Structures are given as C-alpha cells and as structure tokens.
>>> print(open('work-v3.txt').read())   # compact mmCIF, N, CA and C atoms
# COMPACT_ATOMS: atom_id res chain seq x y z
N MET A 16 92.31 60.32 111.34
CA MET A 16 92.06 60.93 112.62
C MET A 16 90.99 62.01 112.47
N GLU A 17 90.10 62.12 113.43
CA GLU A 17 89.02 63.10 113.38
C GLU A 17 89.56 64.52 113.55
N GLN A 18 88.85 65.47 112.94
CA GLN A 18 89.25 66.87 113.03
C GLN A 18 89.30 67.36 114.47
N SER A 19 88.42 66.86 115.35
CA SER A 19 88.38 67.31 116.74
C SER A 19 89.65 66.94 117.50
N GLN A 20 90.42 65.98 117.00
CA GLN A 20 91.66 65.58 117.67
C GLN A 20 92.88 66.30 117.09
N LYS A 21 92.64 67.27 116.25
CA LYS A 21 93.73 68.02 115.65
C LYS A 21 93.72 69.44 116.17
N GLN A 22 94.87 70.06 116.15
CA GLN A 22 95.03 71.43 116.63
C GLN A 22 95.27 72.36 115.42
N PRO A 23 94.61 73.51 115.42
CA PRO A 23 94.83 74.44 114.31
C PRO A 23 96.10 75.27 114.53
N TYR A 24 96.74 75.65 113.45
CA TYR A 24 97.86 76.59 113.50
C TYR A 24 97.86 77.38 112.20
N LEU A 25 98.47 78.56 112.25
CA LEU A 25 98.58 79.40 111.06
C LEU A 25 99.95 79.24 110.45
N THR A 26 100.00 79.20 109.13
CA THR A 26 101.27 79.10 108.45
C THR A 26 101.22 79.91 107.17
N GLY A 27 102.35 80.35 106.73
CA GLY A 27 102.45 81.07 105.47
C GLY A 27 102.71 82.55 105.66
N LYS A 28 102.81 83.21 104.53
CA LYS A 28 103.09 84.64 104.52
C LYS A 28 101.89 85.38 103.92
N VAL A 29 101.83 86.66 104.20
CA VAL A 29 100.74 87.50 103.70
C VAL A 29 100.63 87.39 102.18
N GLU A 30 101.76 87.39 101.48
CA GLU A 30 101.75 87.33 100.02
C GLU A 30 101.09 86.05 99.50
N ASP A 31 101.02 85.01 100.32
CA ASP A 31 100.41 83.75 99.92
C ASP A 31 98.88 83.83 99.85
N VAL A 32 98.29 84.76 100.60
CA VAL A 32 96.83 84.80 100.72
C VAL A 32 96.21 86.15 100.34
N MET A 33 97.03 87.16 100.05
CA MET A 33 96.50 88.50 99.79
C MET A 33 95.83 88.59 98.43
N THR A 34 95.00 89.60 98.27
CA THR A 34 94.41 89.95 96.98
C THR A 34 95.34 90.96 96.33
N VAL A 35 95.83 90.65 95.14
CA VAL A 35 96.76 91.55 94.47
C VAL A 35 96.01 92.60 93.66
N ASP A 36 96.66 93.74 93.45
CA ASP A 36 96.11 94.85 92.67
C ASP A 36 94.67 95.19 93.09
N PRO A 37 94.48 95.57 94.33
CA PRO A 37 93.12 95.85 94.81
C PRO A 37 92.56 97.15 94.21
N LEU A 38 91.25 97.25 94.24
CA LEU A 38 90.61 98.51 93.87
C LEU A 38 90.99 99.54 94.92
N THR A 39 91.14 100.78 94.48
CA THR A 39 91.43 101.89 95.38
C THR A 39 90.43 103.00 95.06
N ILE A 40 90.43 104.01 95.90
CA ILE A 40 89.60 105.19 95.65
C ILE A 40 90.46 106.42 95.90
N ALA A 41 90.23 107.46 95.11
CA ALA A 41 90.99 108.70 95.25
C ALA A 41 90.44 109.52 96.41
N GLU A 42 91.33 110.21 97.10
CA GLU A 42 90.93 111.00 98.26
C GLU A 42 89.98 112.13 97.90
N ASP A 43 89.97 112.57 96.65
CA ASP A 43 89.08 113.67 96.25
C ASP A 43 87.75 113.19 95.66
N GLU A 44 87.52 111.88 95.68
CA GLU A 44 86.23 111.34 95.21
C GLU A 44 85.14 111.68 96.22
N PRO A 45 83.91 111.88 95.74
CA PRO A 45 82.81 112.12 96.69
C PRO A 45 82.52 110.86 97.52
N ILE A 46 82.02 111.07 98.70
CA ILE A 46 81.69 109.95 99.58
C ILE A 46 80.66 109.03 98.94
N SER A 47 79.80 109.58 98.10
CA SER A 47 78.79 108.76 97.41
C SER A 47 79.47 107.69 96.55
N SER A 48 80.62 107.99 95.97
CA SER A 48 81.35 106.99 95.17
C SER A 48 81.87 105.86 96.05
N LEU A 49 82.31 106.21 97.25
CA LEU A 49 82.78 105.21 98.20
C LEU A 49 81.63 104.29 98.62
N VAL A 50 80.50 104.88 98.94
CA VAL A 50 79.33 104.09 99.35
C VAL A 50 78.91 103.16 98.21
N GLU A 51 78.91 103.67 97.00
CA GLU A 51 78.55 102.84 95.84
C GLU A 51 79.52 101.67 95.68
N MET A 52 80.80 101.92 95.92
CA MET A 52 81.81 100.86 95.84
C MET A 52 81.54 99.79 96.89
N PHE A 53 81.23 100.21 98.11
CA PHE A 53 80.92 99.25 99.17
C PHE A 53 79.72 98.40 98.80
N LEU A 54 78.68 99.03 98.28
CA LEU A 54 77.46 98.30 97.94
C LEU A 54 77.65 97.38 96.74
N THR A 55 78.42 97.81 95.78
CA THR A 55 78.65 97.01 94.57
C THR A 55 79.53 95.79 94.85
N TYR A 56 80.60 96.01 95.58
CA TYR A 56 81.59 94.94 95.77
C TYR A 56 81.53 94.27 97.14
N HIS A 57 80.67 94.74 98.01
CA HIS A 57 80.53 94.18 99.37
C HIS A 57 81.83 94.28 100.16
N PHE A 58 82.56 95.36 99.95
CA PHE A 58 83.79 95.64 100.69
C PHE A 58 83.44 96.27 102.03
N HIS A 59 84.38 96.13 102.97
CA HIS A 59 84.28 96.84 104.25
C HIS A 59 85.24 98.02 104.29
N GLY A 60 86.12 98.10 103.30
CA GLY A 60 87.07 99.19 103.25
C GLY A 60 87.95 99.09 102.03
N VAL A 61 88.57 100.23 101.69
CA VAL A 61 89.47 100.28 100.53
C VAL A 61 90.63 101.23 100.82
N PRO A 62 91.78 100.99 100.16
CA PRO A 62 92.88 101.93 100.26
C PRO A 62 92.50 103.25 99.57
N VAL A 63 92.99 104.36 100.13
CA VAL A 63 92.76 105.68 99.55
C VAL A 63 94.08 106.20 99.02
N VAL A 64 94.05 106.71 97.78
CA VAL A 64 95.27 107.21 97.14
C VAL A 64 95.12 108.68 96.79
N ASN A 65 96.28 109.35 96.65
CA ASN A 65 96.26 110.75 96.22
C ASN A 65 96.35 110.82 94.70
N ALA A 66 96.47 112.03 94.17
CA ALA A 66 96.51 112.22 92.71
C ALA A 66 97.69 111.52 92.04
N LYS A 67 98.75 111.26 92.81
CA LYS A 67 99.92 110.56 92.27
C LYS A 67 99.84 109.06 92.45
N GLY A 68 98.71 108.56 92.99
CA GLY A 68 98.54 107.14 93.20
C GLY A 68 99.20 106.61 94.45
N ARG A 69 99.65 107.49 95.33
CA ARG A 69 100.29 107.09 96.58
C ARG A 69 99.26 106.82 97.66
N LEU A 70 99.51 105.81 98.46
CA LEU A 70 98.64 105.47 99.57
C LEU A 70 98.66 106.58 100.61
N VAL A 71 97.47 107.10 100.96
CA VAL A 71 97.40 108.18 101.95
C VAL A 71 96.48 107.86 103.12
N GLY A 72 95.69 106.80 103.00
CA GLY A 72 94.77 106.44 104.07
C GLY A 72 93.95 105.22 103.69
N ILE A 73 92.98 104.91 104.54
CA ILE A 73 92.01 103.87 104.22
C ILE A 73 90.63 104.44 104.52
N ALA A 74 89.65 103.97 103.79
CA ALA A 74 88.26 104.36 104.04
C ALA A 74 87.48 103.08 104.31
N ARG A 75 86.85 103.02 105.49
CA ARG A 75 86.11 101.83 105.89
C ARG A 75 84.64 102.16 106.07
N ASP A 76 83.84 101.13 106.10
CA ASP A 76 82.42 101.33 106.35
C ASP A 76 82.20 102.01 107.69
N SER A 77 83.08 101.77 108.65
CA SER A 77 82.94 102.40 109.97
C SER A 77 83.11 103.92 109.89
N GLU A 78 83.99 104.40 109.01
CA GLU A 78 84.13 105.85 108.84
C GLU A 78 82.88 106.46 108.21
N VAL A 79 82.27 105.74 107.28
CA VAL A 79 81.04 106.24 106.67
C VAL A 79 79.94 106.34 107.73
N LEU A 80 79.77 105.29 108.50
CA LEU A 80 78.72 105.29 109.53
C LEU A 80 78.99 106.29 110.64
N ALA A 81 80.27 106.55 110.93
CA ALA A 81 80.62 107.50 111.98
C ALA A 81 80.09 108.90 111.68
N MET A 82 79.87 109.21 110.42
CA MET A 82 79.31 110.53 110.07
C MET A 82 77.94 110.73 110.72
N PHE A 83 77.24 109.65 110.99
CA PHE A 83 75.86 109.73 111.47
C PHE A 83 75.72 109.52 112.97
N VAL A 84 76.80 109.23 113.64
CA VAL A 84 76.71 109.02 115.09
C VAL A 84 77.32 110.16 115.89
N ALA A 85 77.84 111.16 115.20
CA ALA A 85 78.36 112.34 115.89
C ALA A 85 77.20 113.06 116.57
N ARG A 86 77.52 113.78 117.61
CA ARG A 86 76.49 114.51 118.36
C ARG A 86 75.68 115.42 117.43
N GLU A 87 76.35 116.15 116.58
CA GLU A 87 75.68 116.99 115.58
C GLU A 87 76.30 116.63 114.23
N PRO A 88 75.80 115.57 113.60
CA PRO A 88 76.49 115.00 112.44
C PRO A 88 76.66 115.92 111.24
N PHE A 89 75.83 116.89 111.06
CA PHE A 89 75.94 117.68 109.84
C PHE A 89 76.51 119.07 110.09
N VAL A 90 77.10 119.27 111.28
CA VAL A 90 77.81 120.52 111.53
C VAL A 90 79.07 120.55 110.68
N VAL A 91 79.76 119.40 110.61
CA VAL A 91 80.93 119.27 109.75
C VAL A 91 80.44 118.86 108.37
N ARG A 92 80.95 119.47 107.36
CA ARG A 92 80.56 119.12 105.99
C ARG A 92 81.48 118.03 105.45
N TYR A 93 80.94 116.84 105.31
CA TYR A 93 81.70 115.74 104.74
C TYR A 93 81.41 115.70 103.26
N ARG A 94 82.43 115.88 102.45
CA ARG A 94 82.22 115.90 101.01
C ARG A 94 83.00 114.81 100.28
N THR A 95 84.25 114.66 100.68
CA THR A 95 85.11 113.74 99.94
C THR A 95 85.58 112.59 100.83
N VAL A 96 86.11 111.57 100.18
CA VAL A 96 86.68 110.44 100.90
C VAL A 96 87.79 110.92 101.83
N GLY A 97 88.56 111.91 101.37
CA GLY A 97 89.63 112.46 102.20
C GLY A 97 89.14 113.07 103.50
N ASP A 98 87.88 113.52 103.51
CA ASP A 98 87.31 114.11 104.74
C ASP A 98 87.07 113.07 105.83
N ILE A 99 86.89 111.82 105.44
CA ILE A 99 86.53 110.80 106.44
C ILE A 99 87.54 109.66 106.56
N MET A 100 88.53 109.62 105.68
CA MET A 100 89.46 108.48 105.68
C MET A 100 90.25 108.41 106.99
N HIS A 101 90.71 107.20 107.28
CA HIS A 101 91.56 106.97 108.46
C HIS A 101 93.02 107.14 108.05
N VAL A 102 93.74 107.96 108.81
CA VAL A 102 95.16 108.20 108.58
C VAL A 102 95.90 107.96 109.88
N PRO A 103 97.01 107.28 109.86
CA PRO A 103 97.65 106.63 108.72
C PRO A 103 96.97 105.31 108.37
N PRO A 104 97.18 104.84 107.15
CA PRO A 104 96.59 103.55 106.79
C PRO A 104 97.24 102.41 107.56
N PHE A 105 96.49 101.35 107.77
CA PHE A 105 97.03 100.15 108.42
C PHE A 105 97.71 99.32 107.34
N THR A 106 99.01 99.10 107.48
CA THR A 106 99.77 98.42 106.44
C THR A 106 100.58 97.26 107.00
N ILE A 107 100.99 96.40 106.07
CA ILE A 107 101.86 95.27 106.41
C ILE A 107 102.65 94.91 105.15
N SER A 108 103.80 94.28 105.34
CA SER A 108 104.61 93.89 104.19
C SER A 108 104.18 92.51 103.68
N PRO A 109 104.42 92.24 102.41
CA PRO A 109 104.02 90.94 101.85
C PRO A 109 104.74 89.75 102.47
N ASP A 110 105.93 89.98 103.01
CA ASP A 110 106.68 88.86 103.59
C ASP A 110 106.40 88.66 105.08
N ALA A 111 105.48 89.42 105.65
CA ALA A 111 105.09 89.21 107.05
C ALA A 111 104.32 87.89 107.16
N THR A 112 104.39 87.26 108.33
CA THR A 112 103.67 86.01 108.52
C THR A 112 102.16 86.28 108.66
N ILE A 113 101.39 85.28 108.34
CA ILE A 113 99.93 85.39 108.49
C ILE A 113 99.58 85.61 109.96
N GLN A 114 100.30 84.97 110.86
CA GLN A 114 100.05 85.16 112.28
C GLN A 114 100.30 86.62 112.69
N ARG A 115 101.35 87.22 112.17
CA ARG A 115 101.65 88.64 112.47
C ARG A 115 100.53 89.53 111.94
N ALA A 116 100.03 89.23 110.75
CA ALA A 116 98.93 90.02 110.18
C ALA A 116 97.67 89.90 111.04
N ALA A 117 97.38 88.70 111.52
CA ALA A 117 96.20 88.50 112.37
C ALA A 117 96.34 89.32 113.65
N LEU A 118 97.50 89.29 114.27
CA LEU A 118 97.74 90.07 115.48
C LEU A 118 97.59 91.56 115.20
N LYS A 119 98.15 92.02 114.11
CA LYS A 119 98.08 93.44 113.75
C LYS A 119 96.63 93.88 113.53
N MET A 120 95.83 93.04 112.88
CA MET A 120 94.42 93.39 112.67
C MET A 120 93.69 93.57 114.00
N PHE A 121 93.95 92.67 114.93
CA PHE A 121 93.28 92.77 116.23
C PHE A 121 93.76 93.98 117.02
N VAL A 122 95.05 94.23 117.00
CA VAL A 122 95.60 95.39 117.71
C VAL A 122 95.08 96.69 117.10
N ASP A 123 95.07 96.76 115.77
CA ASP A 123 94.63 97.97 115.08
C ASP A 123 93.11 98.10 115.00
N GLY A 124 92.39 97.03 115.29
CA GLY A 124 90.93 97.07 115.24
C GLY A 124 90.39 97.26 113.84
N THR A 125 90.96 96.54 112.88
CA THR A 125 90.53 96.67 111.49
C THR A 125 90.26 95.31 110.88
N ARG A 126 89.50 95.30 109.80
CA ARG A 126 89.17 94.06 109.10
C ARG A 126 90.14 93.72 107.98
N PHE A 127 90.97 94.71 107.60
CA PHE A 127 91.90 94.47 106.50
C PHE A 127 93.14 95.33 106.66
N LEU A 128 94.20 94.91 105.99
CA LEU A 128 95.46 95.65 105.97
C LEU A 128 95.85 95.87 104.52
N VAL A 129 96.47 97.01 104.24
CA VAL A 129 97.01 97.26 102.91
C VAL A 129 98.42 96.68 102.88
N VAL A 130 98.67 95.86 101.89
CA VAL A 130 99.98 95.23 101.74
C VAL A 130 100.83 96.15 100.86
N VAL A 131 101.95 96.61 101.44
CA VAL A 131 102.80 97.56 100.72
C VAL A 131 104.22 97.02 100.58
N GLY A 132 104.83 97.40 99.47
CA GLY A 132 106.21 97.04 99.21
C GLY A 132 107.09 98.27 99.34
N GLU A 133 108.19 98.27 98.60
CA GLU A 133 109.12 99.39 98.65
C GLU A 133 108.43 100.69 98.27
N GLY A 134 108.77 101.76 98.98
CA GLY A 134 108.21 103.07 98.69
C GLY A 134 106.72 103.17 98.96
N GLN A 135 106.23 102.32 99.84
CA GLN A 135 104.80 102.30 100.20
C GLN A 135 103.91 102.02 98.98
N LYS A 136 104.45 101.33 97.97
CA LYS A 136 103.66 100.97 96.79
C LYS A 136 102.67 99.87 97.17
N ILE A 137 101.41 100.07 96.80
CA ILE A 137 100.37 99.10 97.13
C ILE A 137 100.58 97.83 96.32
N LYS A 138 100.72 96.72 97.04
CA LYS A 138 100.86 95.40 96.41
C LYS A 138 99.56 94.62 96.45
N GLY A 139 98.75 94.89 97.48
CA GLY A 139 97.50 94.15 97.63
C GLY A 139 96.82 94.54 98.93
N ILE A 140 95.80 93.77 99.27
CA ILE A 140 95.15 93.89 100.57
C ILE A 140 94.99 92.48 101.13
N VAL A 141 94.89 92.41 102.43
CA VAL A 141 94.65 91.13 103.07
C VAL A 141 93.54 91.34 104.09
N THR A 142 92.54 90.47 104.05
CA THR A 142 91.39 90.55 104.94
C THR A 142 91.44 89.41 105.96
N ARG A 143 90.54 89.47 106.93
CA ARG A 143 90.49 88.39 107.92
C ARG A 143 90.16 87.06 107.25
N ILE A 144 89.26 87.08 106.28
CA ILE A 144 88.92 85.83 105.57
C ILE A 144 90.14 85.30 104.83
N ASP A 145 90.94 86.19 104.24
CA ASP A 145 92.17 85.74 103.58
C ASP A 145 93.09 85.02 104.56
N LEU A 146 93.19 85.57 105.77
CA LEU A 146 94.08 84.97 106.78
C LEU A 146 93.62 83.58 107.17
N ILE A 147 92.33 83.36 107.18
CA ILE A 147 91.79 82.04 107.52
C ILE A 147 92.28 80.97 106.54
N LYS A 148 92.62 81.38 105.32
CA LYS A 148 93.17 80.44 104.33
C LYS A 148 94.48 79.82 104.80
N GLY A 149 95.14 80.46 105.78
CA GLY A 149 96.41 79.96 106.28
C GLY A 149 96.29 78.95 107.40
N ILE A 150 95.07 78.61 107.81
CA ILE A 150 94.89 77.63 108.89
C ILE A 150 95.22 76.23 108.38
N ARG A 151 96.03 75.54 109.14
CA ARG A 151 96.37 74.14 108.89
C ARG A 151 96.09 73.37 110.17
N TRP A 152 96.09 72.04 110.06
CA TRP A 152 95.77 71.17 111.21
C TRP A 152 96.91 70.21 111.46
N LYS A 153 97.20 69.99 112.72
CA LYS A 153 98.22 69.00 113.08
C LYS A 153 97.67 68.14 114.20
N ASP A 154 98.25 66.96 114.37
CA ASP A 154 97.83 66.07 115.45
C ASP A 154 98.03 66.77 116.79
N ALA A 155 97.13 66.58 117.70
CA ALA A 155 97.17 67.24 119.01
C ALA A 155 98.41 66.87 119.80
N ASP A 156 98.98 65.70 119.56
CA ASP A 156 100.13 65.27 120.35
C ASP A 156 101.46 65.69 119.74
N GLN A 157 101.45 66.50 118.72
CA GLN A 157 102.71 66.96 118.10
C GLN A 157 103.16 68.26 118.68
>>> encode(input="work-v3.txt", output="structure tokens")
Amino acid sequence: MEQSQKQPYLTGKVEDVMTVDPLTIAEDEPISSLVEMFLTYHFHGVPVVNAKGRLVGIARDSEVLAMFVAREPFVVRYRTVGDIMHVPPFTISPDATIQRAALKMFVDGTRFLVVVGEGQKIKGIVTRIDLIKGIRWKDADQ
C-alpha cells in the first residue's frame, strides 16, 4: 500500500527516543561558554545545573538572542548562564508518552524537554526531532 493511503500516529514513551546523559552547563559559567557550546554541538538549548549538579533551569538560543532585542540591551549586565536561563526548566518524565511530550513542547513553546526521574535527577533530553522517531503508519481504514 502506498504511503499516501496510510495515516500517521505517534507511539512509544519518551525513554524510547530520548538522548541519555546529555551535556549540561553550570549556572555560574560565562555566557561565552554557552554560545561556544551551541556553536560546537549545534544545540538549541541545554539543561542548567547548580554546583551540586541539580537541575535549576534551561538555557536556549532564544535567551541568548533576547539579550540583544531589549530596548536598552546593555543596561542589564549579563555575565553568567544563570543571568539568562529560563526558570523553571521544562521537564517531563521518561515514562510519559511521546504524544504527551509533543503537546507539552507546543504548549511550553520550546524545542526540547529535560527528562527527569526521581528527585529531579536528569535522565536525558528529548527534542522535537527525537519525537518524530515515534511516528508510525497505519492503514487509513483502521
């Protein structure tokens, strides 16, 4: 049967498609380190951790660019990742469905979610591209 006669659906759990043990950045790192990470790895965002390794926020490319669109961008002194990170971080559990993660991304307006387990321990991250891995096809008449 041709692909055009099939209907897409999402199946699976976040843990099936997430990236485990993601890179993180410390909240006290300079913003230049964050920018370098984005350029090196082509990321759109990363989890931000405190000195104890606990998740405290996320830093996205949008937060970096927002520094330059403020009415008077250099009135506020942006020095560290903690100065620009988004709080609270957008999170999801590993056992959530891929469909739930997709909905959460759209509602939260983000490209990725931090996957957390017990005690807010970082298990991984899941991006929109990861979620696309959960697309399956079924006959249109089913």
>>> closest_residue(input="work-v3.txt", among="A:Arg94, A:Ala41, A:Asp76, A:Gly27", to="His57 in chain A", atoms="only C-alpha atoms")
A:Asp76
>>> residues_around(input="work-v3.txt", residues="Leu70 in chain A", least_positions_apart="6", cutoff="8 Å", atoms="all atoms listed in the file", output="count of residues only")
8
>>> select_by_dssp(input="work-v3.txt", residues="chain A", states="alpha helix (DSSP H)", output="ChimeraX atom specification")
/A:29-32,46-56,76-81,96-99,113-123,143-147
>>> atom_distance(input="work-v3.txt", atom1="atom C of Met100 in chain A", atom2="CA of Lys148 in chain A")
28.2 Å
>>> residues_around(input="work-v3.txt", residues="Ser108 in chain A", least_positions_apart="4", cutoff="12 Å", atoms="only C-alpha atoms", output="PDB file with N, CA and C atoms, in the coordinates of the input")
ATOM      1  N   LYS A  28     102.810  83.210 104.530  1.00  0.00           N
ATOM      2  CA  LYS A  28     103.090  84.640 104.520  1.00  0.00           C
ATOM      3  C   LYS A  28     101.890  85.380 103.920  1.00  0.00           C
ATOM      4  N   VAL A  29     101.830  86.660 104.200  1.00  0.00           N
ATOM      5  CA  VAL A  29     100.740  87.500 103.700  1.00  0.00           C
ATOM      6  C   VAL A  29     100.630  87.390 102.180  1.00  0.00           C
ATOM      7  N   GLU A  30     101.760  87.390 101.480  1.00  0.00           N
ATOM      8  CA  GLU A  30     101.750  87.330 100.020  1.00  0.00           C
ATOM      9  C   GLU A  30     101.090  86.050  99.500  1.00  0.00           C
ATOM     10  N   ASP A  31     101.020  85.010 100.320  1.00  0.00           N
ATOM     11  CA  ASP A  31     100.410  83.750  99.920  1.00  0.00           C
ATOM     12  C   ASP A  31      98.880  83.830  99.850  1.00  0.00           C
ATOM     13  N   MET A  33      97.030  87.160 100.050  1.00  0.00           N
ATOM     14  CA  MET A  33      96.500  88.500  99.790  1.00  0.00           C
ATOM     15  C   MET A  33      95.830  88.590  98.430  1.00  0.00           C
ATOM     16  N   THR A 112     104.390  87.260 108.330  1.00  0.00           N
ATOM     17  CA  THR A 112     103.670  86.010 108.520  1.00  0.00           C
ATOM     18  C   THR A 112     102.160  86.280 108.660  1.00  0.00           C
ATOM     19  N   ILE A 113     101.390  85.280 108.340  1.00  0.00           N
ATOM     20  CA  ILE A 113      99.930  85.390 108.490  1.00  0.00           C
ATOM     21  C   ILE A 113      99.580  85.610 109.960  1.00  0.00           C
ATOM     22  N   ARG A 115     101.350  87.220 112.170  1.00  0.00           N
ATOM     23  CA  ARG A 115     101.650  88.640 112.470  1.00  0.00           C
ATOM     24  C   ARG A 115     100.530  89.530 111.940  1.00  0.00           C
ATOM     25  N   ALA A 116     100.030  89.230 110.750  1.00  0.00           N
ATOM     26  CA  ALA A 116      98.930  90.020 110.180  1.00  0.00           C
ATOM     27  C   ALA A 116      97.670  89.900 111.040  1.00  0.00           C
ATOM     28  N   LYS A 119      98.150  92.020 114.110  1.00  0.00           N
ATOM     29  CA  LYS A 119      98.080  93.440 113.750  1.00  0.00           C
ATOM     30  C   LYS A 119      96.630  93.880 113.530  1.00  0.00           C
ATOM     31  N   LEU A 128      94.200  94.910 105.990  1.00  0.00           N
ATOM     32  CA  LEU A 128      95.460  95.650 105.970  1.00  0.00           C
ATOM     33  C   LEU A 128      95.850  95.870 104.520  1.00  0.00           C
ATOM     34  N   VAL A 129      96.470  97.010 104.240  1.00  0.00           N
ATOM     35  CA  VAL A 129      97.010  97.260 102.910  1.00  0.00           C
ATOM     36  C   VAL A 129      98.420  96.680 102.880  1.00  0.00           C
ATOM     37  N   VAL A 130      98.670  95.860 101.890  1.00  0.00           N
ATOM     38  CA  VAL A 130      99.980  95.230 101.740  1.00  0.00           C
ATOM     39  C   VAL A 130     100.830  96.150 100.860  1.00  0.00           C
ATOM     40  N   VAL A 131     101.950  96.610 101.440  1.00  0.00           N
ATOM     41  CA  VAL A 131     102.800  97.560 100.720  1.00  0.00           C
ATOM     42  C   VAL A 131     104.220  97.020 100.580  1.00  0.00           C
ATOM     43  N   GLY A 132     104.830  97.400  99.470  1.00  0.00           N
ATOM     44  CA  GLY A 132     106.210  97.040  99.210  1.00  0.00           C
ATOM     45  C   GLY A 132     107.090  98.270  99.340  1.00  0.00           C
ATOM     46  N   GLU A 133     108.190  98.270  98.600  1.00  0.00           N
ATOM     47  CA  GLU A 133     109.120  99.390  98.650  1.00  0.00           C
ATOM     48  C   GLU A 133     108.430 100.690  98.270  1.00  0.00           C
ATOM     49  N   GLY A 134     108.770 101.760  98.980  1.00  0.00           N
ATOM     50  CA  GLY A 134     108.210 103.070  98.690  1.00  0.00           C
ATOM     51  C   GLY A 134     106.720 103.170  98.960  1.00  0.00           C
ATOM     52  N   GLN A 135     106.230 102.320  99.840  1.00  0.00           N
ATOM     53  CA  GLN A 135     104.800 102.300 100.200  1.00  0.00           C
ATOM     54  C   GLN A 135     103.910 102.020  98.980  1.00  0.00           C
ATOM     55  N   LYS A 136     104.450 101.330  97.970  1.00  0.00           N
ATOM     56  CA  LYS A 136     103.660 100.970  96.790  1.00  0.00           C
ATOM     57  C   LYS A 136     102.670  99.870  97.170  1.00  0.00           C
ATOM     58  N   ILE A 137     101.410 100.070  96.800  1.00  0.00           N
ATOM     59  CA  ILE A 137     100.370  99.100  97.130  1.00  0.00           C
ATOM     60  C   ILE A 137     100.580  97.830  96.320  1.00  0.00           C
ATOM     61  N   LYS A 138     100.720  96.720  97.040  1.00  0.00           N
ATOM     62  CA  LYS A 138     100.860  95.400  96.410  1.00  0.00           C
ATOM     63  C   LYS A 138      99.560  94.620  96.450  1.00  0.00           C
ATOM     64  N   GLY A 139      98.750  94.890  97.480  1.00  0.00           N
ATOM     65  CA  GLY A 139      97.500  94.150  97.630  1.00  0.00           C
ATOM     66  C   GLY A 139      96.820  94.540  98.930  1.00  0.00           C
ATOM     67  N   ILE A 140      95.800  93.770  99.270  1.00  0.00           N
ATOM     68  CA  ILE A 140      95.150  93.890 100.570  1.00  0.00           C
ATOM     69  C   ILE A 140      94.990  92.480 101.130  1.00  0.00           C
ATOM     70  N   VAL A 141      94.890  92.410 102.430  1.00  0.00           N
ATOM     71  CA  VAL A 141      94.650  91.130 103.070  1.00  0.00           C
ATOM     72  C   VAL A 141      93.540  91.340 104.090  1.00  0.00           C
TER      73      VAL A 141
END
>>> residues_around(input="work-v3.txt", residues="Phe53 in chain A", least_positions_apart="3", cutoff="12 Å", atoms="only C-alpha atoms", output="list in words")
Leu38, Thr39, Ile40, Ile46, Ser47, Ser48, Leu49, Val50, Tyr56, His57, Phe58, His59, Gly60, Val61, Ala74, Arg75, Asp76, Ser77 and Val79 of chain A
>>> atom_distance(input="work-v3.txt", atom1="CA of Ile147 in chain A", atom2="atom C of Gly72 in chain A")
23.6 Å
>>> closest_residue(input="work-v3.txt", among="A:Arg69, A:Asp154, A:Gly124, A:Gln114", to="Thr26 in chain A", atoms="all atoms listed in the file")
A:Gln114
>>> atom_distance(input="work-v3.txt", atom1="CA of Glu78 in chain A", atom2="atom C of Glu42 in chain A")
13.9 Å
>>> select_by_dssp(input="work-v3.txt", residues="range 89-129 of chain A", states="strand (DSSP E)", output="list in words")
Thr106, Ile107, Phe127, Leu128 and Val129 of chain A
